[in-house]
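Content type PDB, C-alpha atoms, from the file target.pdb:
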ATOM      1  CA  MET Y   1     114.711  98.546  75.517
ATOM      2  CA  THR Y   2     111.039  99.349  75.890
ATOM      3  CA  LYS Y   3     109.205  99.763  79.166
ATOM      4  CA  GLN Y   4     107.438  96.430  78.647
ATOM      5  CA  GLU Y   5     110.822  94.676  78.451
ATOM      6  CA  ALA Y   6     112.326  96.572  81.373
ATOM      7  CA  VAL Y   7     109.618  95.876  83.959
ATOM      8  CA  PRO Y   8     109.852  92.048  84.008
ATOM      9  CA  LYS Y   9     113.661  92.192  84.181
ATOM     10  CA  ALA Y  10     113.546  94.567  87.148
ATOM     11  CA  ARG Y  11     111.050  92.374  89.022
ATOM     12  CA  LYS Y  12     112.802  89.093  88.276
ATOM     13  CA  GLY Y  13     113.751  87.302  91.463
ATOM     14  CA  LYS Y  14     111.705  89.607  93.702
ATOM     15  CA  LYS Y  15     108.497  88.005  94.925
ATOM     16  CA  ARG Y  16     106.083  89.679  97.281
ATOM     17  CA  PRO Y  17     104.381  87.483  99.828
ATOM     18  CA  LYS Y  18     100.635  87.325  99.287
ATOM     19  CA  THR Y  19      98.512  87.533 102.401
ATOM     20  CA  ALA Y  20      94.760  87.241 102.698
ATOM     21  CA  ALA Y  21      92.759  90.267 103.729
ATOM     22  CA  THR Y  22      91.527  90.283 107.308
ATOM     23  CA  GLN Y  23      87.959  90.879 106.115
ATOM     24  CA  GLN Y  24      86.888  88.960 103.000
ATOM     25  CA  LEU Y  25      84.379  90.973 100.969
ATOM     26  CA  SER Y  26      82.056  89.678  98.291
ATOM     27  CA  LEU Y  27      82.074  91.260  94.851
ATOM     28  CA  VAL Y  28      78.889  93.215  95.624
ATOM     29  CA  ASP Y  29      80.386  94.559  98.869
ATOM     30  CA  LYS Y  30      83.587  95.622  97.062
ATOM     31  CA  LEU Y  31      81.658  97.409  94.340
ATOM     32  CA  THR Y  32      79.370  99.102  96.862
ATOM     33  CA  SER Y  33      82.288 100.352  98.940
ATOM     34  CA  ASN Y  34      84.044 101.685  95.836
ATOM     35  CA  VAL Y  35      80.923 103.536  94.700
ATOM     36  CA  ASN Y  36      80.446 104.962  98.197
ATOM     37  CA  ARG Y  37      84.092 106.052  98.322
ATOM     38  CA  ILE Y  38      83.921 107.745  94.909
ATOM     39  CA  HIS Y  39      80.573 109.448  95.473
ATOM     40  CA  LYS Y  40      81.127 110.320  99.118
ATOM     41  CA  ARG Y  41      79.389 113.515 100.119
ATOM     42  CA  VAL Y  42      81.429 115.996 102.094
TER      43      VAL Y  42
END
Rewrite the structure from the file as C-alpha coordinates, please.
Amino acid sequence: MTKQEAVPKARKGKKRPKTAATQQLSLVDKLTSNVNRIHKRV
(Lines of atoms letter the chains of each structure in order from A and count residues from 1; the text may use other names and numbers.)
(Lines give C-alpha, C1' and ligand atoms only; values in the text may rest on other atoms or scores of the structure.)
Protein backbone atom coordinates (compact mmCIF):
# COMPACT_ATOMS: atom_id res chain seq x y z
CA MET A 1 0.00 0.00 0.00
CA THR A 2 1.39 3.37 -0.98
CA LYS A 3 1.15 6.53 1.07
CA GLN A 4 -1.42 7.96 -1.35
CA GLU A 5 -3.69 4.96 -0.70
CA ALA A 6 -3.14 4.97 3.06
CA VAL A 7 -4.02 8.60 3.76
CA PRO A 8 -7.64 8.57 2.49
CA LYS A 9 -8.35 5.30 4.33
CA ALA A 10 -7.03 6.73 7.60
CA ARG A 11 -9.13 9.90 7.25
CA LYS A 12 -12.31 8.13 6.18
CA GLY A 13 -15.15 8.89 8.56
CA LYS A 14 -13.27 11.66 10.36
CA LYS A 15 -14.47 15.12 9.39
CA ARG A 16 -13.14 18.31 10.90
CA PRO A 17 -15.61 21.10 11.45
CA LYS A 18 -14.82 24.13 9.33
CA THR A 19 -15.14 27.48 11.05
CA ALA A 20 -14.73 30.92 9.57
CA ALA A 21 -11.82 33.06 10.67
CA THR A 22 -12.65 35.85 13.08
CA GLN A 23 -10.99 38.39 10.78
CA GLN A 24 -11.59 37.91 7.04
CA LEU A 25 -8.58 39.07 5.03
CA SER A 26 -8.48 39.87 1.35
CA LEU A 27 -5.95 38.15 -0.89
CA VAL A 28 -3.72 41.25 -0.91
CA ASP A 29 -3.78 41.43 2.90
CA LYS A 30 -2.90 37.72 3.19
CA LEU A 31 0.00 38.05 0.77
CA THR A 32 1.27 41.20 2.48
CA SER A 33 1.19 39.58 5.92
CA ASN A 34 3.02 36.51 4.61
CA VAL A 35 5.73 38.63 3.01
CA ASN A 36 6.08 40.67 6.21
CA ARG A 37 6.30 37.49 8.29
CA ILE A 38 8.96 35.95 6.03
CA HIS A 39 11.06 39.09 5.68
CA LYS A 40 10.63 40.31 9.24
CA ARG A 41 13.65 42.20 10.49
CA VAL A 42 14.93 41.26 13.91
* Structure fact -> Students should find that CA of Lys18 (chain Y) and CA of Lys30 (chain Y) are spaced 19.1 Å
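Rounded to one decimal, CA of Ala21 (chain Y) and CA of Arg37 (chain Y) lie 18.8 Å from each other.
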* Structure fact -> Taken to one decimal, the CA of Lys40 (chain Y)-CA of Val28 (chain Y) distance is 17.6 Å
